[in-house]
Amino acid sequence: MIFIYNLLLPLAFLFFIPGLLLKYRNRGGWKSTFGERFGRFTPERVKELSEYHGAIWIHSVSVGETMIALGFVKQYLKRCPEQKFVISTTTTTGQELARSRCPENTAVIFCPIDFIWMVRRAYNVVKPSKLIIFETELWPNLLCEAVRRDVPVTLVNGRMSDHSAKGYRRARMFFAPLLRKFSLIAVQTNADRERYLAVCPDANVIVSGNMKFDQTPPENIADPGLPGYFGEGDFTVILGASTHPGEEELIAREYQTLLKEYPQTRLVLVPRHAERGADVENDIRKLGLSCIRRSQAQKTSAPVEVLIADTTGEMFKFINSADVVIMGKSLAGHDEGHNLIEPALLDKAIVTGSVLRNFRFILNVLVEAGAVITVSGNQELYQVLQKLIADPQYCRSIGKRAGDAIRCHCGAMDRCIDLIEKL
């Protein structure tokens with residue numbers, strides 16, 4: 001099967017190139033060493049990374065997984081201070097985040113595209129002792145080359161949605177041999193374990209919990225400077241976090257109605273993909289609301305009603321400054337959801353859609369604790385926001401329950417470290 005994969009990969013890559021170049025052009029982040037995606041390491045980088053031979057290579061994808069990976073590395077270093085790590089990402093935004101927040105004894109690289117010669121070049125440069133992959137990344141050559149070099153491979157914080165499970169089961173002849181190459185697959189829930197075993201019954205799958213519960217907010221979270229956009233005043237701030245197409249307009253319409261009754265409210269929108277900033281701005285202006293993009297100006301002489309935070313790596317800043325957080329990818333026809341833990345960590349009142357296909361366990365934890373408000377329609381969203389803004393004490397109590405519920409489920413990182421150390 002790996003022979004067929006390598007035979008077809010160049011053809012598939014021809015379709016992959018336009019999207020890769022488009023993202024490279026439109027997205028911000030770290031791009032100086034992007035050649036590493038193609039297995040190109042400069043002599044200076046080879047020398048720099050030679051200091052990390054024998055390190056644990058941790059692969060994440062983008063910003064969300066990298067945040068968890070950084071926390072995992074810091075927890076690992078508390079137990080093994082001399083251990084060295086190499087973190088790889090595939091996106092430029094994830095790369096920038098990793099580089100700006102990586103602890104000591106940690107290097108950061110771009111993960112190579114899964115061509116065998118690119119992967120081998122990366123292994124020759126890094127020479128890792130272990131490979132740890134976060135969540136869902138199954139790159140055949142990356143896995144096979146690790147096994148060929150006797151490098152143990154672990155999948156941590158693994159998850160598999162219902163939709164993905166159907167695809168994996170249909171192609172189990174291809175995916176089952178890949179799953180067997182993992183020395184350990186540590187998954188978030190029993191449901192995830194069952195889905196993995198349905199694809200590969202003899203895989204070593206263990207439930208370790210969800211590492212997202214072990215997240216801690218950054219120390220000394222910077223102030224995003226909202227008065228520079230909204231003017232001076234005691235404003236109630238509504239945040240639309242990690243929003244997707246259709247959600248910004250929906251939230252802005254309900255906010256526009258709310259503004260008539262509560263003029264001291266302001267709205268911050270953080271689109272999931274920062275390159276959509278201009279499109280979001282056009283949608284907001286069509287509604288007649290005044291707005292500004294953070295990427296275009298740090299301050300505005302005329303206060304606005306809506307700030308579009310089309311930047312990366314600043315989510316915690318905006319969550320910390322908000323009173324109510326509406327989590328994206330859960331409204332306007334979206335139902336996959338985003339990580340509810342970040343606002344819960346900061347004791348914020350959370351509003352989300354009633355169906356989160358990718359975050360059901362986290363949603364259920366919060367629902368059972370009465371620590372989240374779910375909505376299924378536009379009218380419900382307006383009513384919920386109205387109640388939260390009219391009753392600040394109720395708003396704070398919902399947020400406090402969210403924080404308490406999340407802190408009760410900590411410990412997955414330590415469990416995974418124990419399992420990895422036994423390999």
# chains A, B, ... in the order shown; residues from 1 in each chain; ligands from 1

call {"tool": "residues_around", "arguments": {"residues": "stretch 164-167 of chain A", "least_positions_apart": "2", "cutoff": "8 Å", "atoms": "only C-alpha atoms", "output": "list in words"}}
result
Met160, Ser161, Asp162, Arg169, Arg170, Ala171, Arg195, Tyr196 and Val199 of chain A

call {"tool": "closest_atom_pairs", "arguments": {"of": "stretch 111-141 of chain A", "to": "stretch 52-73 of chain A", "cutoff": "8 Å", "atoms": "only C-alpha atoms", "output": "CSV"}}
result
residue,atom,partner,partner_atom,distance
A:Cys111,CA,A:His59,CA,7.4
A:Val126,CA,A:His53,CA,5.7
A:Lys127,CA,A:His53,CA,5.1
A:Pro128,CA,A:Gly54,CA,4.6
A:Ser129,CA,A:Gly54,CA,4.7
A:Lys130,CA,A:Ile56,CA,4.9
A:Leu131,CA,A:Trp57,CA,4.8
A:Ile132,CA,A:Ile58,CA,4.7
A:Ile133,CA,A:His59,CA,4.9
A:Phe134,CA,A:Ser60,CA,5.3
A:Glu135,CA,A:Glu65,CA,7.7
A:Glu137,CA,A:Val61,CA,7.9

call {"tool": "write_last_selection", "arguments": {"atoms": "all heavy atoms", "output": "mmCIF file, in the first residue's frame"}}
result
data_model
loop_
_atom_site.group_PDB
_atom_site.id
_atom_site.type_symbol
_atom_site.label_atom_id
_atom_site.label_comp_id
_atom_site.auth_asym_id
_atom_site.auth_seq_id
_atom_site.Cartn_x
_atom_site.Cartn_y
_atom_site.Cartn_z
ATOM 1 N N CYS A 111 7.350 20.903 9.493
ATOM 2 C CA CYS A 111 7.292 19.484 9.146
ATOM 3 C C CYS A 111 7.346 19.350 7.622
ATOM 4 O O CYS A 111 6.636 20.069 6.901
ATOM 5 C CB CYS A 111 6.011 18.849 9.677
ATOM 6 S SG CYS A 111 5.952 17.054 9.467
ATOM 7 N N VAL A 126 17.294 16.060 12.210
ATOM 8 C CA VAL A 126 16.803 16.085 13.594
ATOM 9 C C VAL A 126 17.355 14.909 14.409
ATOM 10 O O VAL A 126 17.710 15.066 15.577
ATOM 11 C CB VAL A 126 15.253 16.069 13.612
ATOM 12 C CG1 VAL A 126 14.727 15.983 15.042
ATOM 13 C CG2 VAL A 126 14.714 17.323 12.924
ATOM 14 N N LYS A 127 17.397 13.703 13.813
ATOM 15 C CA LYS A 127 17.834 12.479 14.500
ATOM 16 C C LYS A 127 17.120 12.317 15.860
ATOM 17 O O LYS A 127 17.758 12.304 16.922
ATOM 18 C CB LYS A 127 19.346 12.482 14.706
ATOM 19 C CG LYS A 127 20.150 12.322 13.417
ATOM 20 C CD LYS A 127 21.632 12.235 13.720
ATOM 21 C CE LYS A 127 22.447 11.784 12.517
ATOM 22 N NZ LYS A 127 22.348 12.699 11.377
ATOM 23 N N PRO A 128 15.787 12.173 15.839
ATOM 24 C CA PRO A 128 15.037 12.117 17.098
ATOM 25 C C PRO A 128 15.137 10.753 17.779
ATOM 26 O O PRO A 128 15.442 9.737 17.138
ATOM 27 C CB PRO A 128 13.597 12.369 16.641
ATOM 28 C CG PRO A 128 13.554 11.779 15.263
ATOM 29 C CD PRO A 128 14.917 12.061 14.662
ATOM 30 N N SER A 129 14.859 10.735 19.083
ATOM 31 C CA SER A 129 14.787 9.476 19.825
ATOM 32 C C SER A 129 13.359 8.955 19.882
ATOM 33 O O SER A 129 13.137 7.750 20.017
ATOM 34 C CB SER A 129 15.311 9.668 21.248
ATOM 35 O OG SER A 129 14.529 10.644 21.941
ATOM 36 N N LYS A 130 12.383 9.847 19.805
ATOM 37 C CA LYS A 130 10.969 9.480 19.792
ATOM 38 C C LYS A 130 10.236 10.455 18.885
ATOM 39 O O LYS A 130 10.675 11.597 18.687
ATOM 40 C CB LYS A 130 10.340 9.561 21.193
ATOM 41 C CG LYS A 130 10.867 8.588 22.229
ATOM 42 C CD LYS A 130 10.058 8.737 23.526
ATOM 43 C CE LYS A 130 10.535 7.767 24.607
ATOM 44 N NZ LYS A 130 11.774 8.239 25.246
ATOM 45 N N LEU A 131 9.100 10.017 18.357
ATOM 46 C CA LEU A 131 8.211 10.892 17.584
ATOM 47 C C LEU A 131 6.844 10.872 18.249
ATOM 48 O O LEU A 131 6.264 9.794 18.453
ATOM 49 C CB LEU A 131 8.104 10.426 16.131
ATOM 50 C CG LEU A 131 7.103 11.181 15.244
ATOM 51 C CD1 LEU A 131 7.480 12.650 15.101
ATOM 52 C CD2 LEU A 131 6.982 10.516 13.870
ATOM 53 N N ILE A 132 6.341 12.046 18.606
ATOM 54 C CA ILE A 132 5.014 12.172 19.217
ATOM 55 C C ILE A 132 4.159 13.039 18.296
ATOM 56 O O ILE A 132 4.531 14.171 17.980
ATOM 57 C CB ILE A 132 5.092 12.811 20.613
ATOM 58 C CG1 ILE A 132 5.935 11.936 21.549
ATOM 59 C CG2 ILE A 132 3.693 13.007 21.190
ATOM 60 C CD1 ILE A 132 6.150 12.545 22.932
ATOM 61 N N ILE A 133 3.040 12.478 17.863
ATOM 62 C CA ILE A 133 2.149 13.177 16.934
ATOM 63 C C ILE A 133 0.863 13.546 17.663
ATOM 64 O O ILE A 133 0.291 12.728 18.383
ATOM 65 C CB ILE A 133 1.839 12.290 15.709
ATOM 66 C CG1 ILE A 133 3.139 12.023 14.933
ATOM 67 C CG2 ILE A 133 0.795 12.931 14.806
ATOM 68 C CD1 ILE A 133 2.985 11.047 13.794
ATOM 69 N N PHE A 134 0.418 14.782 17.463
ATOM 70 C CA PHE A 134 -0.774 15.267 18.142
ATOM 71 C C PHE A 134 -2.030 15.096 17.295
ATOM 72 O O PHE A 134 -2.071 15.497 16.137
ATOM 73 C CB PHE A 134 -0.606 16.742 18.526
ATOM 74 C CG PHE A 134 -0.070 16.933 19.911
ATOM 75 C CD1 PHE A 134 1.262 16.695 20.185
ATOM 76 C CD2 PHE A 134 -0.899 17.312 20.955
ATOM 77 C CE1 PHE A 134 1.761 16.849 21.453
ATOM 78 C CE2 PHE A 134 -0.413 17.461 22.229
ATOM 79 C CZ PHE A 134 0.929 17.225 22.491
ATOM 80 N N GLU A 135 -3.017 14.477 17.856
ATOM 81 C CA GLU A 135 -4.429 14.427 17.467
ATOM 82 C C GLU A 135 -4.752 13.563 16.253
ATOM 83 O O GLU A 135 -5.292 12.490 16.403
ATOM 84 C CB GLU A 135 -5.003 15.843 17.326
ATOM 85 C CG GLU A 135 -4.984 16.579 18.657
ATOM 86 C CD GLU A 135 -5.990 17.701 18.758
ATOM 87 O OE1 GLU A 135 -6.756 17.937 17.812
ATOM 88 O OE2 GLU A 135 -6.003 18.361 19.807
ATOM 89 N N GLU A 137 -2.794 13.437 12.868
ATOM 90 C CA GLU A 137 -1.887 13.486 11.723
ATOM 91 C C GLU A 137 -1.333 12.093 11.380
ATOM 92 O O GLU A 137 -0.483 11.556 12.114
ATOM 93 C CB GLU A 137 -0.726 14.441 12.018
ATOM 94 C CG GLU A 137 -1.123 15.902 11.978
ATOM 95 C CD GLU A 137 -1.334 16.396 10.571
ATOM 96 O OE1 GLU A 137 -0.367 16.651 9.850
ATOM 97 O OE2 GLU A 137 -2.509 16.528 10.184
#

call {"tool": "closest_atom_pairs", "arguments": {"of": "stretch 326-371 of chain A", "to": "stretch 202-224 of chain A", "cutoff": "9 Å", "atoms": "only C-alpha atoms", "output": "CSV"}}
result
residue,atom,partner,partner_atom,distance
A:Asn339,CA,A:Lys212,CA,8.1
A:Ile341,CA,A:Phe213,CA,6.7
A:Glu342,CA,A:Pro217,CA,7.6
A:Leu345,CA,A:Pro217,CA,6.7
A:Leu346,CA,A:Pro217,CA,7.3
A:Ile362,CA,A:Phe213,CA,8.7

call {"tool": "atom_distance", "arguments": {"atom1": "atom CA of A:Lys348", "atom2": "atom CA of A:Thr265"}}
result
16.1 Å

call {"tool": "select_by_dssp", "arguments": {"residues": "stretch 75-298 of chain A", "states": "strand (DSSP E)", "output": "MDAnalysis selection string"}}
result
chainID A and resid 85:89 106:110 130:134 153:158 184:187 205:207 236:243 265:271 291:293

call {"tool": "atom_distance", "arguments": {"atom1": "atom CA of A:Leu269", "atom2": "atom CA of A:Ile308"}}
result
4.9 Å

call {"tool": "residues_around", "arguments": {"residues": "stretch 287-294 of chain A", "least_positions_apart": "5", "cutoff": "12 Å", "atoms": "only C-alpha atoms", "output": "PyMOL selection string"}}
result
chain A and resi 224-226+228-230+248-257+259+266-271+274-282+299-312+314+318

call {"tool": "residues_around", "arguments": {"residues": "A:Gly377", "least_positions_apart": "2", "cutoff": "12 Å", "atoms": "only C-alpha atoms", "output": "PyMOL selection string"}}
result
chain A and resi 247+250-251+254+330-334+352-355+374-375+379-384
